[in-house]
Structures are given as C-alpha cells and as structure tokens.
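Novice: Coordinates in work.pdb, PDB, C-alpha atoms and all ligand atoms, are listed below.
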```pdb
ATOM      1  CA  MET A   1     -17.258   3.840  -5.338  1.00  0.00           C
ATOM      2  CA  GLU A   2     -14.093   5.954  -5.028  1.00  0.00           C
ATOM      3  CA  THR A   3     -10.903   3.946  -5.584  1.00  0.00           C
ATOM      4  CA  LEU A   4      -8.520   4.106  -2.629  1.00  0.00           C
ATOM      5  CA  THR A   5      -4.832   3.252  -2.516  1.00  0.00           C
ATOM      6  CA  ILE A   6      -3.167   1.838   0.595  1.00  0.00           C
ATOM      7  CA  ALA A   7      -0.378   4.061   1.961  1.00  0.00           C
ATOM      8  CA  GLN A   8       2.857   2.127   2.438  1.00  0.00           C
ATOM      9  CA  LEU A   9       5.328   2.561   5.314  1.00  0.00           C
ATOM     10  CA  GLY A  10       7.368   5.685   4.544  1.00  0.00           C
ATOM     11  CA  ASN A  11       4.260   7.690   3.671  1.00  0.00           C
ATOM     12  CA  PRO A  12       4.142  10.480   6.295  1.00  0.00           C
ATOM     13  CA  ILE A  13       0.381  10.130   6.677  1.00  0.00           C
ATOM     14  CA  LEU A  14       1.008   6.910   8.634  1.00  0.00           C
ATOM     15  CA  ARG A  15       2.937   8.957  11.201  1.00  0.00           C
ATOM     16  CA  LYS A  16       0.254  11.614  11.829  1.00  0.00           C
ATOM     17  CA  HIS A  17      -2.113  11.777  14.792  1.00  0.00           C
ATOM     18  CA  ALA A  18      -5.485  11.449  13.031  1.00  0.00           C
ATOM     19  CA  ALA A  19      -8.196  14.074  13.660  1.00  0.00           C
ATOM     20  CA  PRO A  20     -11.396  13.228  15.575  1.00  0.00           C
ATOM     21  CA  LEU A  21     -14.662  13.344  13.625  1.00  0.00           C
ATOM     22  CA  SER A  22     -17.552  15.527  14.777  1.00  0.00           C
ATOM     23  CA  ALA A  23     -20.860  13.626  14.993  1.00  0.00           C
ATOM     24  CA  GLY A  24     -22.227  15.967  12.296  1.00  0.00           C
ATOM     25  CA  GLN A  25     -19.611  14.615   9.856  1.00  0.00           C
ATOM     26  CA  TYR A  26     -20.370  10.897  10.312  1.00  0.00           C
ATOM     27  CA  GLN A  27     -22.950  10.634   7.524  1.00  0.00           C
ATOM     28  CA  ASP A  28     -20.833  12.780   5.135  1.00  0.00           C
ATOM     29  CA  PHE A  29     -18.165  10.078   5.308  1.00  0.00           C
ATOM     30  CA  ALA A  30     -20.598   7.191   4.668  1.00  0.00           C
ATOM     31  CA  PRO A  31     -19.452   6.694   1.021  1.00  0.00           C
ATOM     32  CA  PHE A  32     -15.810   6.784   2.116  1.00  0.00           C
ATOM     33  CA  PHE A  33     -16.445   4.161   4.836  1.00  0.00           C
ATOM     34  CA  LYS A  34     -18.067   1.887   2.219  1.00  0.00           C
ATOM     35  CA  ALA A  35     -14.966   2.234   0.041  1.00  0.00           C
ATOM     36  CA  LEU A  36     -12.735   1.621   3.098  1.00  0.00           C
ATOM     37  CA  GLN A  37     -14.488  -1.690   3.877  1.00  0.00           C
ATOM     38  CA  HIS A  38     -14.308  -2.707   0.197  1.00  0.00           C
ATOM     39  CA  LYS A  39     -10.562  -2.016   0.182  1.00  0.00           C
ATOM     40  CA  MET A  40     -10.008  -4.099   3.345  1.00  0.00           C
ATOM     41  CA  LEU A  41     -11.964  -7.049   1.931  1.00  0.00           C
ATOM     42  CA  GLU A  42     -10.168  -6.724  -1.420  1.00  0.00           C
ATOM     43  CA  HIS A  43      -6.868  -7.235   0.442  1.00  0.00           C
ATOM     44  CA  ASN A  44      -8.254  -9.939   2.774  1.00  0.00           C
ATOM     45  CA  GLY A  45      -7.509  -7.791   5.783  1.00  0.00           C
ATOM     46  CA  VAL A  46      -9.001  -8.313   9.229  1.00  0.00           C
ATOM     47  CA  GLY A  47      -8.970  -4.589   9.866  1.00  0.00           C
ATOM     48  CA  ILE A  48      -8.094  -1.267   8.249  1.00  0.00           C
ATOM     49  CA  ALA A  49      -7.687   2.313   9.514  1.00  0.00           C
ATOM     50  CA  ALA A  50      -8.639   5.474   7.579  1.00  0.00           C
ATOM     51  CA  PRO A  51      -5.082   6.887   7.545  1.00  0.00           C
ATOM     52  CA  GLN A  52      -4.000   3.786   5.610  1.00  0.00           C
ATOM     53  CA  VAL A  53      -5.989   5.123   2.654  1.00  0.00           C
ATOM     54  CA  ASN A  54      -4.756   8.692   3.108  1.00  0.00           C
ATOM     55  CA  GLU A  55      -7.679   9.974   5.188  1.00  0.00           C
ATOM     56  CA  SER A  56      -6.269  11.158   8.531  1.00  0.00           C
ATOM     57  CA  ILE A  57      -9.472  10.810  10.593  1.00  0.00           C
ATOM     58  CA  ARG A  58     -10.170   8.726  13.721  1.00  0.00           C
ATOM     59  CA  ALA A  59     -12.057   5.816  12.162  1.00  0.00           C
ATOM     60  CA  PHE A  60     -11.297   2.167  11.501  1.00  0.00           C
ATOM     61  CA  ILE A  61     -12.945  -1.162  10.700  1.00  0.00           C
ATOM     62  CA  VAL A  62     -12.416  -4.387  12.707  1.00  0.00           C
ATOM     63  CA  ALA A  63     -13.337  -7.582  10.866  1.00  0.00           C
ATOM     64  CA  SER A  64     -12.038 -10.646  12.675  1.00  0.00           C
ATOM     65  CA  ARG A  65     -12.514 -13.960  10.938  1.00  0.00           C
ATOM     66  CA  PRO A  66     -10.957 -17.406  11.358  1.00  0.00           C
ATOM     67  CA  ASN A  67      -7.763 -17.587   9.304  1.00  0.00           C
ATOM     68  CA  PRO A  68      -4.747 -19.892   9.020  1.00  0.00           C
ATOM     69  CA  ARG A  69      -2.853 -17.890  11.606  1.00  0.00           C
ATOM     70  CA  TYR A  70      -5.824 -17.612  14.030  1.00  0.00           C
ATOM     71  CA  PRO A  71      -8.052 -20.618  13.293  1.00  0.00           C
ATOM     72  CA  ASP A  72     -10.173 -19.989  16.396  1.00  0.00           C
ATOM     73  CA  ALA A  73     -10.591 -16.252  15.755  1.00  0.00           C
ATOM     74  CA  PRO A  74     -14.264 -15.287  16.112  1.00  0.00           C
ATOM     75  CA  MET A  75     -16.256 -14.596  12.942  1.00  0.00           C
ATOM     76  CA  MET A  76     -17.573 -11.026  13.205  1.00  0.00           C
ATOM     77  CA  GLU A  77     -19.375  -8.658  10.855  1.00  0.00           C
ATOM     78  CA  PRO A  78     -16.935  -5.935   9.688  1.00  0.00           C
ATOM     79  CA  THR A  79     -17.560  -3.219  12.304  1.00  0.00           C
ATOM     80  CA  LEU A  80     -16.933   0.476  11.672  1.00  0.00           C
ATOM     81  CA  MET A  81     -15.689   2.281  14.792  1.00  0.00           C
ATOM     82  CA  LEU A  82     -15.667   6.105  14.945  1.00  0.00           C
ATOM     83  CA  ASN A  83     -13.591   8.080  17.456  1.00  0.00           C
ATOM     84  CA  PRO A  84     -12.567   4.793  19.120  1.00  0.00           C
ATOM     85  CA  GLU A  85     -10.847   4.721  22.534  1.00  0.00           C
ATOM     86  CA  ILE A  86      -9.535   2.172  25.019  1.00  0.00           C
ATOM     87  CA  VAL A  87     -11.113   3.008  28.392  1.00  0.00           C
ATOM     88  CA  TRP A  88      -9.452   0.123  30.329  1.00  0.00           C
ATOM     89  CA  ALA A  89      -6.653  -2.323  29.500  1.00  0.00           C
ATOM     90  CA  SER A  90      -5.552  -5.456  31.400  1.00  0.00           C
ATOM     91  CA  GLU A  91      -2.109  -5.701  32.955  1.00  0.00           C
ATOM     92  CA  SER A  92      -1.831  -9.115  31.317  1.00  0.00           C
ATOM     93  CA  MET A  93      -0.310  -9.023  27.857  1.00  0.00           C
ATOM     94  CA  GLU A  94      -0.125 -11.599  25.071  1.00  0.00           C
ATOM     95  CA  LYS A  95       2.418 -11.885  22.291  1.00  0.00           C
ATOM     96  CA  ASP A  96       1.343 -13.020  18.837  1.00  0.00           C
ATOM     97  CA  TRP A  97       1.991 -12.458  15.157  1.00  0.00           C
ATOM     98  CA  GLU A  98       0.659  -9.459  13.275  1.00  0.00           C
ATOM     99  CA  GLY A  99       0.726  -8.245   9.713  1.00  0.00           C
ATOM    100  CA  CYS A 100      -0.212  -4.923   8.112  1.00  0.00           C
ATOM    101  CA  LEU A 101      -1.606  -3.945   4.707  1.00  0.00           C
ATOM    102  CA  SER A 102       0.761  -0.943   4.773  1.00  0.00           C
ATOM    103  CA  ILE A 103       3.808  -3.147   5.379  1.00  0.00           C
ATOM    104  CA  PRO A 104       3.251  -6.098   3.045  1.00  0.00           C
ATOM    105  CA  GLY A 105       5.199  -9.334   3.447  1.00  0.00           C
ATOM    106  CA  ILE A 106       6.395  -8.638   6.984  1.00  0.00           C
ATOM    107  CA  ARG A 107       5.085 -10.387  10.120  1.00  0.00           C
ATOM    108  CA  ALA A 108       6.278  -9.637  13.641  1.00  0.00           C
ATOM    109  CA  LEU A 109       5.519 -10.771  17.189  1.00  0.00           C
ATOM    110  CA  VAL A 110       3.724  -7.968  19.038  1.00  0.00           C
ATOM    111  CA  ASN A 111       2.815  -7.705  22.726  1.00  0.00           C
ATOM    112  CA  ARG A 112      -0.780  -6.530  23.262  1.00  0.00           C
ATOM    113  CA  HIS A 113      -3.167  -6.217  26.243  1.00  0.00           C
ATOM    114  CA  SER A 114      -5.113  -9.479  26.435  1.00  0.00           C
ATOM    115  CA  HIS A 115      -8.359  -7.777  27.567  1.00  0.00           C
ATOM    116  CA  ILE A 116      -9.555  -4.232  26.841  1.00  0.00           C
ATOM    117  CA  GLU A 117     -12.702  -2.185  27.391  1.00  0.00           C
ATOM    118  CA  VAL A 118     -13.359   0.148  24.478  1.00  0.00           C
ATOM    119  CA  ARG A 119     -15.821   2.819  23.421  1.00  0.00           C
ATOM    120  CA  TYR A 120     -16.648   4.069  19.915  1.00  0.00           C
ATOM    121  CA  ASP A 121     -19.499   5.655  17.972  1.00  0.00           C
ATOM    122  CA  THR A 122     -21.435   3.934  15.192  1.00  0.00           C
ATOM    123  CA  LEU A 123     -22.213   5.667  11.889  1.00  0.00           C
ATOM    124  CA  GLU A 124     -25.648   6.463  13.324  1.00  0.00           C
ATOM    125  CA  GLY A 125     -23.952   8.302  16.208  1.00  0.00           C
ATOM    126  CA  LYS A 126     -24.775   5.674  18.867  1.00  0.00           C
ATOM    127  CA  GLU A 127     -22.101   5.214  21.546  1.00  0.00           C
ATOM    128  CA  VAL A 128     -20.985   1.586  22.046  1.00  0.00           C
ATOM    129  CA  LYS A 129     -19.030   0.421  25.103  1.00  0.00           C
ATOM    130  CA  THR A 130     -17.793  -3.165  25.021  1.00  0.00           C
ATOM    131  CA  GLN A 131     -15.086  -5.581  26.171  1.00  0.00           C
ATOM    132  CA  MET A 132     -12.708  -7.319  23.809  1.00  0.00           C
ATOM    133  CA  GLU A 133     -10.174 -10.076  24.244  1.00  0.00           C
ATOM    134  CA  GLY A 134      -7.882 -12.261  22.145  1.00  0.00           C
ATOM    135  CA  PHE A 135      -7.587 -11.646  18.415  1.00  0.00           C
ATOM    136  CA  ILE A 136     -10.323  -8.981  18.288  1.00  0.00           C
ATOM    137  CA  ALA A 137      -8.601  -7.008  21.063  1.00  0.00           C
ATOM    138  CA  ARG A 138      -5.386  -7.349  19.084  1.00  0.00           C
ATOM    139  CA  ILE A 139      -6.895  -5.971  15.896  1.00  0.00           C
ATOM    140  CA  PHE A 140      -8.474  -3.045  17.819  1.00  0.00           C
ATOM    141  CA  GLN A 141      -5.102  -2.139  19.362  1.00  0.00           C
ATOM    142  CA  HIS A 142      -3.362  -2.492  15.977  1.00  0.00           C
ATOM    143  CA  GLU A 143      -5.879  -0.162  14.296  1.00  0.00           C
ATOM    144  CA  LEU A 144      -5.879   2.352  17.164  1.00  0.00           C
ATOM    145  CA  ASP A 145      -2.091   2.578  16.774  1.00  0.00           C
ATOM    146  CA  HIS A 146      -2.669   3.624  13.141  1.00  0.00           C
ATOM    147  CA  LEU A 147      -4.795   6.576  14.376  1.00  0.00           C
ATOM    148  CA  ASN A 148      -1.903   7.630  16.637  1.00  0.00           C
ATOM    149  CA  GLY A 149       0.818   7.454  13.972  1.00  0.00           C
ATOM    150  CA  LEU A 150       2.161   4.092  15.130  1.00  0.00           C
ATOM    151  CA  VAL A 151       2.671   0.837  13.190  1.00  0.00           C
ATOM    152  CA  PHE A 152       3.038  -2.698  14.583  1.00  0.00           C
ATOM    153  CA  LEU A 153       6.795  -2.756  13.887  1.00  0.00           C
ATOM    154  CA  ASP A 154       7.195   0.061  16.445  1.00  0.00           C
ATOM    155  CA  GLN A 155       5.965  -2.376  19.105  1.00  0.00           C
ATOM    156  CA  ALA A 156       7.519  -5.551  17.701  1.00  0.00           C
ATOM    157  CA  GLU A 157       9.475  -7.725  20.115  1.00  0.00           C
TER     158      GLU A 157
HETATM  159  O1  LIG A 201      -4.955 -10.376   6.286  1.00  0.00           O
HETATM  160  C1  LIG A 201      -4.071 -10.161   7.034  1.00  0.00           C
HETATM  161  C2  LIG A 201      -3.176  -8.991   6.695  1.00  0.00           C
HETATM  162  S1  LIG A 201      -2.748  -7.870   7.953  1.00  0.00           S
HETATM  163  C3  LIG A 201      -4.233  -7.173   8.536  1.00  0.00           C
HETATM  164  O2  LIG A 201      -5.315  -7.637   8.245  1.00  0.00           O
HETATM  165  C4  LIG A 201      -4.109  -5.951   9.381  1.00  0.00           C
HETATM  166  C5  LIG A 201      -4.787  -6.099  10.721  1.00  0.00           C
HETATM  167  C6  LIG A 201      -4.198  -7.064  11.681  1.00  0.00           C
HETATM  168  C7  LIG A 201      -3.729  -8.338  11.317  1.00  0.00           C
HETATM  169  C8  LIG A 201      -3.213  -9.183  12.305  1.00  0.00           C
HETATM  170  C9  LIG A 201      -3.176  -8.764  13.637  1.00  0.00           C
HETATM  171  C10 LIG A 201      -3.639  -7.509  13.967  1.00  0.00           C
HETATM  172  C11 LIG A 201      -4.161  -6.670  13.007  1.00  0.00           C
HETATM  173  C12 LIG A 201      -4.831  -4.874   8.622  1.00  0.00           C
HETATM  174  C13 LIG A 201      -4.238  -3.516   8.735  1.00  0.00           C
HETATM  175  F1  LIG A 201      -2.986  -3.526   8.251  1.00  0.00           F
HETATM  176  F2  LIG A 201      -4.964  -2.703   7.985  1.00  0.00           F
HETATM  177  F3  LIG A 201      -4.178  -3.107   9.984  1.00  0.00           F
HETATM  178  C14 LIG A 201      -3.959 -11.013   8.222  1.00  0.00           C
HETATM  179  C15 LIG A 201      -2.845 -11.053   9.018  1.00  0.00           C
HETATM  180  C16 LIG A 201      -2.813 -11.904  10.130  1.00  0.00           C
HETATM  181  C17 LIG A 201      -3.900 -12.651  10.438  1.00  0.00           C
HETATM  182  C18 LIG A 201      -5.021 -12.593   9.640  1.00  0.00           C
HETATM  183  C19 LIG A 201      -5.052 -11.773   8.549  1.00  0.00           C
HETATM  184 ZN    ZN A 202      -1.829  -2.106  10.032  1.00  0.00          ZN
END
```
Just dump the structure as structure tokens.
Ligand SMILES: O=C(CSC(=O)[C@H](Cc1ccccc1)CC(F)(F)F)c1ccccc1
Ligand SMILES: [Zn+2]
Specialist:
Amino acid sequence: METLTIAQLGNPILRKHAAPLSAGQYQDFAPFFKALQHKMLEHNGVGIAAPQVNESIRAFIVASRPNPRYPDAPMMEPTLMLNPEIVWASESMEKDWEGCLSIPGIRALVNRHSHIEVRYDTLEGKEVKTQMEGFIARIFQHELDHLNGLVFLDQAE
C-alpha cells in the first residue's frame, strides 16, 4: 500500500480545481483509493478528498459515523464517490462545526445546505443518484469544496 501524506493548508494543491476522471481510469486508481481510505481511517476522519493527498482528481470518500461532536450521525460504510456533483440543494441552510485533516486543530462554524441531491459514479462505473441531509450532506459539501480548491475556513461564519 503506497504511503500518502496529507497536504496542509498552504500547499497549492488544495487550491486547484481537480480534474475529472474518465470511466476508463477508475480501475487504474483502485490501489490509490484503497490507500486513500486507509489514510482517512488512520486519522479518524469522516471524509477525505484526493487532493488532500496530492492527487488532484475528482474523487472523495464519505464515511459518517457517530462521534462526540455528532452523536446521532448515521453509521455508514466508507463510500468512494467518483466525479461527484450536487444536482439540487435546499434553500434551507444549517450551521455547524467542521474540522479538516488539512487544517489540524482548527474548528469553525460553517453554513451548509441542509438537504442535497447528489450524483456520483462507483468504482465499477455505476451511476448513483441519492439524497443526503444532516451530517452526511455536510461531509459531502465539505469534500466537494476540496475538489474545487476551497477549504471550510473559506466558508466559515
Ligand atoms: O475526524 C474529524 C476530523 S475532520 C474530518 O473528518 C474532515 C471531514 C469533515 C468533518 C466534519 C464536518 C465535515 C467534514 C475530513 C477532511 F478534512 F478530510 F475533509 C471529525 C471532525 C468533526 C466531526 C467528526 C470527525
Ligand atoms: Zn477537509
């Protein structure tokens, strides 16, 4: 398993617009995605985006789990999302605390859409369309920002 390092704020890769993957590339990146998930779990993250480990491609993992900050967060299998997009977002917004593996030790209140409809491809190339709300929607929006060169402090209240 390749060893990855997490880019810290100040690293220009966190400010790039990540490149979309072609479906033909998905399987080529399978070992990298395994290493990405390992890295996230190693740091007890609830998500991680490829640019955070210096790979500027449109892919991230969402892995909500109950935690001290969000005790009622749903338990979900870490889910790899390729070429993810928000197709609809609610007017209603919610403010809550966020952290980031690229900005250790800092928490900030961030306003996010409370409900979103998203689409993404799985590693097998299947398109998934689904609705998200609450903490999972928050993680998705946080990770999607990473693919667009944004970090949560840019949106902090
Ligand atoms: O483990 C963290 C560290 S921060 C984290 O997991 C980021 C994801 C995240 C945490 C909280 C809200 C939204 C997104 C991961 C990142 F940086 F790669 F995106 C955590 C923070 C708040 C609640 C529960 C867990
Ligand atoms: Zn982050």
Novice: What do you get as an MDAnalysis selection string if you pick all residues at most 8 Å from ligand LIG 201 (chain A), counting only C-alpha atoms and all ligand atoms?
Specialist: chainID A and resid 40 43:49 52 64:70 97:104 135 138:143 146
Novice: Starting from the displayed file, determine the output of the PyMOL selection byres (((chain A and resi 58) around 9) and not hetatm) and express the residue list as a PDB file with C-alpha atoms, keeping the file's coordinate frame.
Specialist:
```pdb
ATOM      1  CA  HIS A  17      -2.113  11.777  14.792  1.00  0.00           C
ATOM      2  CA  ALA A  18      -5.485  11.449  13.031  1.00  0.00           C
ATOM      3  CA  ALA A  19      -8.196  14.074  13.660  1.00  0.00           C
ATOM      4  CA  PRO A  20     -11.396  13.228  15.575  1.00  0.00           C
ATOM      5  CA  LEU A  21     -14.662  13.344  13.625  1.00  0.00           C
ATOM      6  CA  ALA A  49      -7.687   2.313   9.514  1.00  0.00           C
ATOM      7  CA  ALA A  50      -8.639   5.474   7.579  1.00  0.00           C
ATOM      8  CA  PRO A  51      -5.082   6.887   7.545  1.00  0.00           C
ATOM      9  CA  GLU A  55      -7.679   9.974   5.188  1.00  0.00           C
ATOM     10  CA  SER A  56      -6.269  11.158   8.531  1.00  0.00           C
ATOM     11  CA  ILE A  57      -9.472  10.810  10.593  1.00  0.00           C
ATOM     12  CA  ALA A  59     -12.057   5.816  12.162  1.00  0.00           C
ATOM     13  CA  PHE A  60     -11.297   2.167  11.501  1.00  0.00           C
ATOM     14  CA  MET A  81     -15.689   2.281  14.792  1.00  0.00           C
ATOM     15  CA  LEU A  82     -15.667   6.105  14.945  1.00  0.00           C
ATOM     16  CA  ASN A  83     -13.591   8.080  17.456  1.00  0.00           C
ATOM     17  CA  PRO A  84     -12.567   4.793  19.120  1.00  0.00           C
ATOM     18  CA  LEU A 144      -5.879   2.352  17.164  1.00  0.00           C
ATOM     19  CA  LEU A 147      -4.795   6.576  14.376  1.00  0.00           C
ATOM     20  CA  ASN A 148      -1.903   7.630  16.637  1.00  0.00           C
TER      21      ASN A 148
END
```
Novice: Select, from A:Val87, A:Glu133, A:Lys95, A:Leu9, the residue with the minimum atom-to-atom distance to Val118 of chain A, counting only C-alpha atoms.
Specialist: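 Looking only at the distances to Val118 of chain A, the closest residue turns out to be A:Val87.
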Novice: Once 3 Å is added on each side, what centre and edge lengths in Å to one decimal does the axis-aligned box around all listed atoms of segment 71-75 of chain A have, as JSON?
Specialist:
```
{"center_x": -12.2, "center_y": -17.6, "center_z": 14.7, "size_x": 14.2, "size_y": 12.0, "size_z": 9.5}
```
Novice: Where does the PyMOL selection byres (((chain A and resi 127) around 12) and not hetatm) land in this file, that is, which residues does it pick, as a PyMOL selection string?
Specialist: chain A and resi 23+81-85+118-126+128-130
Novice: For ligand ZN 202 (chain A), which of A:Pro74, A:Phe33, A:Val62, A:Ser92 is the closest residue, counting only C-alpha atoms and all ligand atoms?
Specialist: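 Of A:Pro74, A:Phe33, A:Val62, A:Ser92, the one nearest ligand ZN 202 (chain A) is A:Val62, counting only C-alpha atoms and all ligand atoms.
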Novice: For this structure, which residues satisfy the selection - the PyMOL selection byres (((chain A and resi 156) around 7) and not hetatm) - when it is evaluated on the file as given? I want them as a list of chain:residue names.
Specialist: A:Ala108, A:Leu109, A:Val110, A:Phe152, A:Leu153, A:Asp154, A:Gln155, A:Glu157
Novice: Just give me the gap between atom CA of Leu80 of chain A and atom CA of Gln8 of chain A in Å, one decimal is fine.
Specialist: 21.9 Å
Novice: Which one of A:Gly134, A:Gly24, A:Arg107, A:Leu4 sits closest to ligand ZN 202 (chain A) if you count all atoms listed in the file?
Specialist: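 Between A:Gly134, A:Gly24, A:Arg107, A:Leu4, the residue approaching ligand ZN 202 (chain A) most closely is A:Arg107.
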Novice: I'd like the interatomic distance between atom CA of Thr3 of chain A and atom CA of Ala35 of chain A, to a tenth of an Å.
Specialist: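 Between atom CA of Thr3 of chain A and atom CA of Ala35 of chain A the gap is 7.1 Å.
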Novice: Between atom CA of Asn54 of chain A and atom CA of Ala7 of chain A, what distance in Å does the model show, to one decimal?
Specialist: 6.5 Å
Novice: With all atoms listed in the file as the counted atoms, please give the residues lying no more than 10 Å from Ser90 of chain A, apart from itself and same-chain residues fewer than 3 positions off, as a list in words.
Specialist: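 In the requested form, the answer reads Met93, Arg112, His113, Ser114, His115, Ile116, Glu117 and Glu133 of chain A.
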